[in-house]
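Report on one structure; see the data block that follows.
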Amino acid sequence: MSCCAAGQSASKPILVKSSDDIKIMYDANQIVAEVLCMLRKTVTVGMSTYELDKMAEDLCRKRNSTPAFKGYHGFPASLCVSINEEVVHGIPSRKRKLKKGDILSVDFGVCYKGFYGDSAITIPVGRIDHDTHRLLTTTEESLQLGIEQVIIGNRISDISQAIQECVETNGFTVVRQFVGHGIGTSLHEGPEIPNYVQKGSRSPRLIEGMVIAIEPMVNLGTHKVTVLRDGWTVVTADKMPSAHFEHSVAVTKAGPLVLSSRENI
Ligand code: MG
Ligand code: MG
């Protein structure tokens with residue numbers, strides 16, 4: 001829901017935004033950025049994921065926005081919380097408490113003045129082991145390299161390739177069953193933004209005014225994933241850890257504009 005099942009938005013239209021639209025989308029995404037920064041500061045051993053969900057929703061509403069994921073296709077919470085082998089779409093719970101050495105992916109979205117914002121980070125809970133730390137830094141680096149390909153005239157596959165190369169060079173794998181997406185007055189618009197290159201298919205070119213959510217989901221072991229019986233939580237098939245970083249990015253003449261940047265928070 002925060003990210004799309006591959007194939008889900010393939011047929012959705014690509015909608016170009018005006019500069020006024022992009023200004024509102026910046027404001028929407030800055031609310032998301034503020035929430036993620038707040039969560040990163042707050043996360044401690046022993047907290048429940050329910051508490052984090054509540055805090056995220058409270059701050060979102062205080063900023064006159066609504067949580068984008070709550071009720072989306074029936075998702076029961078505002079925040080997606082995915083711990084360790086959970087890739088995306090984990091459901092917050094009073095029973096699930098954070099432990100030292102966990103990694104916690106938090107994915108949040110808002111709707112503000114009719115436009116959506118969507119961004120995600122993975123947070124270490126206390127000290128984490130060396131390989132898992134490298135998984136986090138590589139995932140974030142791959143997102144950055146993907147963003148650098150957001151140039152008018154490039155293809156979506158240029159983004160995908162930059163991400164995949166970074167991840168695989170570092171010995172990790174990219175999830176294929178879930179992908180990034182266009183974003184605007186809907187949470188999920190076309191085009192799909194896969195984190196790997198689909199051989200033999202030509203992807204759309206980037207044009208000025210497109211806004212896309214780029215979101216590498218990177219696994220320490222196999223790229224294969226399955227969905228738990230709750231119908232939501234995506235986990236790695238081998239139960240090895242997974243990381244997720246996401247930014248919403250506008251295509252502009254001046255290059256990529258990272259709407260969900262946390263630099264000014
Ligand atoms: Mg998201
Ligand atoms: Mg997304």
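By order of appearance in the structure tokens: chains A, B, ..., then residues from 1 within every chain, and ligands from 1 in the order shown.
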- Within 7 Å of Cys4 (chain A) using only C-alpha atoms, minus same-chain residues under 3 positions, as a list in words: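 That gives Met1, Gln8, Phe178, Val179, Gly180 and His181 of chain A.
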- Message: Can you pull out the residues contacting Ser48 (chain A)? Cut-off 7 Å, using only C-alpha atoms, and skip same-chain residues under 3 positions away; I want them as number ranges by chain.
- Response: A: 51-52, 93-98
- Message: Using only C-alpha atoms and all ligand atoms, which residues of the polymer chains come no farther than 7 Å from ligand 1? I'd like the answer as a list in words.
- Response: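 If we count only C-alpha atoms and all ligand atoms, the neighbours of ligand 1 turn out to be Ser2, Cys3, Asp107, Phe108, Gly109, Asp118, Ser119, Ala120 and Glu246 of chain A.
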Prev. selection, N, CA and C atoms, output as an mmCIF file, in the first residue's frame:
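Once everything was written out, this is selection12.cif:
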data_model
loop_
_atom_site.group_PDB
_atom_site.id
_atom_site.type_symbol
_atom_site.label_atom_id
_atom_site.label_comp_id
_atom_site.auth_asym_id
_atom_site.auth_seq_id
_atom_site.Cartn_x
_atom_site.Cartn_y
_atom_site.Cartn_z
ATOM 1 N N SER A 2 1.853 1.265 0.844
ATOM 2 C CA SER A 2 2.809 2.369 0.750
ATOM 3 C C SER A 2 3.605 2.222 -0.535
ATOM 4 N N CYS A 3 3.963 0.981 -0.850
ATOM 5 C CA CYS A 3 4.510 0.706 -2.172
ATOM 6 C C CYS A 3 3.485 -0.160 -2.897
ATOM 7 N N ASP A 107 7.101 3.633 7.311
ATOM 8 C CA ASP A 107 6.646 4.187 6.032
ATOM 9 C C ASP A 107 5.389 4.982 6.344
ATOM 10 N N PHE A 108 5.401 6.272 5.920
ATOM 11 C CA PHE A 108 4.269 7.127 6.282
ATOM 12 C C PHE A 108 3.815 7.932 5.078
ATOM 13 N N GLY A 109 2.510 8.196 5.026
ATOM 14 C CA GLY A 109 1.959 9.019 3.953
ATOM 15 C C GLY A 109 0.866 9.918 4.488
ATOM 16 N N ASP A 118 4.608 10.795 0.565
ATOM 17 C CA ASP A 118 4.937 9.399 0.871
ATOM 18 C C ASP A 118 6.453 9.270 1.013
ATOM 19 N N SER A 119 6.903 8.760 2.159
ATOM 20 C CA SER A 119 8.340 8.601 2.379
ATOM 21 C C SER A 119 8.566 7.545 3.453
ATOM 22 N N ALA A 120 9.745 6.949 3.449
ATOM 23 C CA ALA A 120 10.052 5.883 4.411
ATOM 24 C C ALA A 120 11.533 5.891 4.776
ATOM 25 N N GLU A 246 12.534 5.577 1.152
ATOM 26 C CA GLU A 246 11.679 6.121 0.085
ATOM 27 C C GLU A 246 11.659 7.640 0.125
#
Would you tabulate, counting only C-alpha atoms and all ligand atoms, all residues of chain A that have an atom at most 12 Å from an atom of ligand 2, showing the closest pair of atoms and their distance in Å to one decimal, sorted by chain then ascending number, as a tab-separated table?
residue	atom	partner	partner_atom_place_in_ligand_line	distance
A:Met1	CA	ligand 2	1 (Mg)	7.3
A:Ser2	CA	ligand 2	1 (Mg)	4.2
A:Cys3	CA	ligand 2	1 (Mg)	4.0
A:Cys4	CA	ligand 2	1 (Mg)	7.0
A:Ala5	CA	ligand 2	1 (Mg)	10.6
A:Ser9	CA	ligand 2	1 (Mg)	11.7
A:Asn29	CA	ligand 2	1 (Mg)	11.6
A:Val32	CA	ligand 2	1 (Mg)	11.8
A:Ala68	CA	ligand 2	1 (Mg)	10.6
A:Phe69	CA	ligand 2	1 (Mg)	10.2
A:Cys80	CA	ligand 2	1 (Mg)	10.9
A:Val88	CA	ligand 2	1 (Mg)	10.2
A:His89	CA	ligand 2	1 (Mg)	10.7
A:Val106	CA	ligand 2	1 (Mg)	11.5
A:Asp107	CA	ligand 2	1 (Mg)	8.0
A:Phe108	CA	ligand 2	1 (Mg)	8.5
A:Gly109	CA	ligand 2	1 (Mg)	7.9
A:Val110	CA	ligand 2	1 (Mg)	11.1
A:Tyr116	CA	ligand 2	1 (Mg)	10.1
A:Gly117	CA	ligand 2	1 (Mg)	8.6
A:Asp118	CA	ligand 2	1 (Mg)	5.4
A:Ser119	CA	ligand 2	1 (Mg)	6.5
A:Ala120	CA	ligand 2	1 (Mg)	7.9
A:Ile121	CA	ligand 2	1 (Mg)	11.4
A:Phe178	CA	ligand 2	1 (Mg)	9.8
A:Val179	CA	ligand 2	1 (Mg)	8.1
A:Gly180	CA	ligand 2	1 (Mg)	5.6
A:His181	CA	ligand 2	1 (Mg)	6.4
A:Gly182	CA	ligand 2	1 (Mg)	8.5
A:Ile183	CA	ligand 2	1 (Mg)	8.1
A:Gly184	CA	ligand 2	1 (Mg)	11.3
A:Ser186	CA	ligand 2	1 (Mg)	11.1
A:Leu187	CA	ligand 2	1 (Mg)	7.5
A:His188	CA	ligand 2	1 (Mg)	7.4
A:Glu189	CA	ligand 2	1 (Mg)	10.2
A:Gly190	CA	ligand 2	1 (Mg)	11.8
A:Glu192	CA	ligand 2	1 (Mg)	10.4
A:Ile193	CA	ligand 2	1 (Mg)	9.8
A:Pro194	CA	ligand 2	1 (Mg)	11.5
A:Val211	CA	ligand 2	1 (Mg)	11.5
A:Ile212	CA	ligand 2	1 (Mg)	8.6
A:Ala213	CA	ligand 2	1 (Mg)	5.4
A:Ile214	CA	ligand 2	1 (Mg)	7.1
A:Glu215	CA	ligand 2	1 (Mg)	6.5
A:Pro216	CA	ligand 2	1 (Mg)	9.9
A:Met217	CA	ligand 2	1 (Mg)	10.8
A:His244	CA	ligand 2	1 (Mg)	10.3
A:Phe245	CA	ligand 2	1 (Mg)	9.6
A:Glu246	CA	ligand 2	1 (Mg)	6.8
A:His247	CA	ligand 2	1 (Mg)	8.0
A:Ser248	CA	ligand 2	1 (Mg)	7.8
A:Val249	CA	ligand 2	1 (Mg)	11.1
A:Ser260	CA	ligand 2	1 (Mg)	11.6
What residues in region 31-236 of chain A get the DSSP label alpha helix (DSSP H)? Please answer as a tab-separated table (two decimals) with C-alpha atoms, in the first residue's frame.
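So out-v2.tsv came out as:
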chain	number	residue	atom	x	y	z
A	31	ILE	CA	4.74	16.85	6.96
A	32	VAL	CA	5.79	13.26	6.22
A	33	ALA	CA	9.47	14.23	6.66
A	34	GLU	CA	8.69	15.84	10.02
A	35	VAL	CA	6.86	12.71	11.18
A	36	LEU	CA	9.77	10.44	10.14
A	37	CYS	CA	12.30	12.68	11.94
A	38	MET	CA	10.12	12.64	15.05
A	39	LEU	CA	9.93	8.83	14.90
A	40	ARG	CA	13.68	8.49	14.43
A	41	LYS	CA	14.28	10.59	17.54
A	42	THR	CA	11.63	8.75	19.55
A	49	THR	CA	4.78	-0.14	17.41
A	50	TYR	CA	1.24	0.94	18.36
A	51	GLU	CA	2.70	3.92	20.28
A	52	LEU	CA	4.65	4.97	17.17
A	53	ASP	CA	1.54	4.74	15.00
A	54	LYS	CA	-0.39	6.94	17.45
A	55	MET	CA	2.38	9.57	17.58
A	56	ALA	CA	2.65	9.67	13.78
A	57	GLU	CA	-1.09	10.10	13.34
A	58	ASP	CA	-1.30	12.79	16.05
A	59	LEU	CA	1.45	14.91	14.45
A	60	CYS	CA	-0.07	14.43	10.99
A	61	ARG	CA	-3.49	15.67	12.17
A	62	LYS	CA	-1.86	18.57	14.06
A	130	HIS	CA	27.76	-4.92	10.97
A	131	ASP	CA	26.03	-6.58	7.99
A	132	THR	CA	22.66	-5.11	8.91
A	133	HIS	CA	24.24	-1.67	9.27
A	134	ARG	CA	25.72	-2.07	5.79
A	135	LEU	CA	22.28	-3.11	4.51
A	136	LEU	CA	20.82	0.18	5.76
A	137	THR	CA	23.57	2.41	4.39
A	138	THR	CA	23.50	0.62	1.01
A	139	THR	CA	19.72	0.93	0.71
A	140	GLU	CA	19.87	4.65	1.45
A	141	GLU	CA	22.78	5.10	-0.96
A	142	SER	CA	20.89	3.24	-3.71
A	143	LEU	CA	17.93	5.59	-3.22
A	144	GLN	CA	20.27	8.57	-3.57
A	145	LEU	CA	21.77	7.14	-6.79
A	146	GLY	CA	18.27	6.49	-8.13
A	147	ILE	CA	17.28	10.09	-7.38
A	148	GLU	CA	20.32	11.35	-9.28
A	156	ILE	CA	12.45	5.05	-15.47
A	157	SER	CA	14.84	2.15	-16.14
A	158	ASP	CA	17.80	4.52	-15.57
A	159	ILE	CA	16.56	4.92	-11.98
A	160	SER	CA	15.98	1.17	-11.64
A	161	GLN	CA	19.43	0.35	-12.98
A	162	ALA	CA	21.24	2.76	-10.66
A	163	ILE	CA	19.48	1.23	-7.64
A	164	GLN	CA	19.98	-2.39	-8.71
A	165	GLU	CA	23.68	-1.90	-9.50
A	166	CYS	CA	24.41	-0.28	-6.14
A	167	VAL	CA	22.53	-2.98	-4.23
A	168	GLU	CA	23.97	-5.99	-6.07
A	169	THR	CA	27.53	-4.63	-6.08
- Between A:Arg155, A:Lys100, A:His223, A:Lys113, which has the minimum distance to Ser65 (chain A) (counting only C-alpha atoms)? A:Lys113
- Select from region 34-110 of chain A everything DSSP, run on the backbone, classes as strand (DSSP E), then give the selection as JSON, numbers by chain. {"A": [66, 67, 79, 80, 81, 82, 83, 86, 87, 88, 103, 104, 105, 106, 107, 108, 109, 110]}
Okay, now the selection with N, CA and C atoms, as a short mmCIF file (atom, residue, chain, number, x, y, z; two decimals), in the first residue's frame?
data_model
loop_
_atom_site.label_atom_id
_atom_site.label_comp_id
_atom_site.auth_asym_id
_atom_site.auth_seq_id
_atom_site.Cartn_x
_atom_site.Cartn_y
_atom_site.Cartn_z
N THR A 66 -4.30 14.39 6.68
CA THR A 66 -4.88 13.11 7.09
C THR A 66 -3.92 11.98 6.72
N PRO A 67 -3.88 10.93 7.57
CA PRO A 67 -3.00 9.81 7.27
C PRO A 67 -3.46 9.08 6.01
N LEU A 79 0.49 4.16 10.13
CA LEU A 79 1.92 3.97 9.88
C LEU A 79 2.18 2.51 9.54
N CYS A 80 3.03 2.27 8.55
CA CYS A 80 3.49 0.91 8.30
C CYS A 80 4.77 0.70 9.10
N VAL A 81 4.81 -0.34 9.91
CA VAL A 81 5.98 -0.64 10.73
C VAL A 81 6.47 -2.05 10.41
N SER A 82 7.66 -2.16 9.90
CA SER A 82 8.17 -3.47 9.45
C SER A 82 9.51 -3.73 10.12
N ILE A 83 9.56 -4.78 10.94
CA ILE A 83 10.73 -5.05 11.77
C ILE A 83 11.54 -6.23 11.20
N GLU A 86 10.63 -8.31 8.15
CA GLU A 86 9.45 -7.71 7.53
C GLU A 86 9.91 -6.64 6.55
N VAL A 87 9.40 -6.70 5.33
CA VAL A 87 9.88 -5.81 4.26
C VAL A 87 9.07 -4.51 4.27
N VAL A 88 7.79 -4.63 4.10
CA VAL A 88 6.86 -3.49 4.09
C VAL A 88 5.50 -3.94 4.62
N ILE A 103 15.92 -3.75 13.41
CA ILE A 103 15.79 -2.61 12.50
C ILE A 103 14.30 -2.42 12.22
N LEU A 104 13.90 -1.15 12.21
CA LEU A 104 12.48 -0.80 12.09
C LEU A 104 12.27 0.08 10.86
N SER A 105 11.54 -0.44 9.88
CA SER A 105 11.19 0.39 8.73
C SER A 105 9.86 1.07 9.01
N VAL A 106 9.86 2.40 8.92
CA VAL A 106 8.62 3.16 9.09
C VAL A 106 8.30 3.85 7.77
N ASP A 107 7.10 3.63 7.31
CA ASP A 107 6.65 4.19 6.03
C ASP A 107 5.39 4.98 6.34
N PHE A 108 5.40 6.27 5.92
CA PHE A 108 4.27 7.13 6.28
C PHE A 108 3.81 7.93 5.08
N GLY A 109 2.51 8.20 5.03
CA GLY A 109 1.96 9.02 3.95
C GLY A 109 0.87 9.92 4.49
N VAL A 110 0.73 11.09 3.87
CA VAL A 110 -0.35 12.01 4.25
C VAL A 110 -1.09 12.47 3.00
#
- Query: Which of these residues is nearest to Met25 (chain A), using only C-alpha atoms: A:Gly114, A:Pro241, A:Ile128, A:Lys199?
  - Reply: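 Between A:Gly114, A:Pro241, A:Ile128, A:Lys199, the residue approaching Met25 (chain A) most closely is A:Gly114.
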- Min atom-atom distance to Leu259 (chain A) from the set A:Tyr26, A:Val16, A:Thr122, A:Glu85, counting only C-alpha atoms, belongs to A:Tyr26
- Message: List as a ChimeraX atom specification the protein and nucleic acid residues near Asn219 (chain A), meaning an atom at most 8 Å away when only C-alpha atoms are counted, but skip any in the same chain fewer than 4 places from it.
- Response: /A:135,172-175,223,236,240-243
- Task: Go ahead and compute the interatomic distance for CA of Lys99 (chain A) and CA of Lys239 (chain A), in Å to one decimal.
- Result: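 Distance between the two atoms: 16.8 Å.
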- Note on the structure: Taken to one decimal, the CA of Asn195 (chain A)-CA of Leu257 (chain A) distance is 19.4 Å
- In Å, rounded to a single decimal, give me how far CA of Ser261 (chain A) is from CA of Leu15 (chain A). 22.0 Å
- Nearest to Ala6 (chain A) among A:Gln177, A:Thr233, A:Thr252, A:Ser203, with distances taken over only C-alpha atoms: which residue is it? A:Gln177
- Item | Test item: residues at most 9 Å from Pro76 (chain A), only C-alpha atoms, excluding those fewer than 6 positions along its chain, as a list in words |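 Counting only the stated atoms, we get Phe69, Lys70, Ile91 and Pro92 of chain A.
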- Which of these residues is nearest to Asn64 (chain A), using only C-alpha atoms: A:Val235, A:Ile207, A:Cys111, A:Ala250?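 Smallest separation from Asn64 (chain A) among the options: A:Cys111.
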- Item | Distance criterion (only C-alpha atoms): nearest to Phe115 (chain A) out of A:Arg63, A:Lys12, A:Asp21, A:Asn170 |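 Counting only C-alpha atoms, the residue closest to Phe115 (chain A) is A:Asp21.
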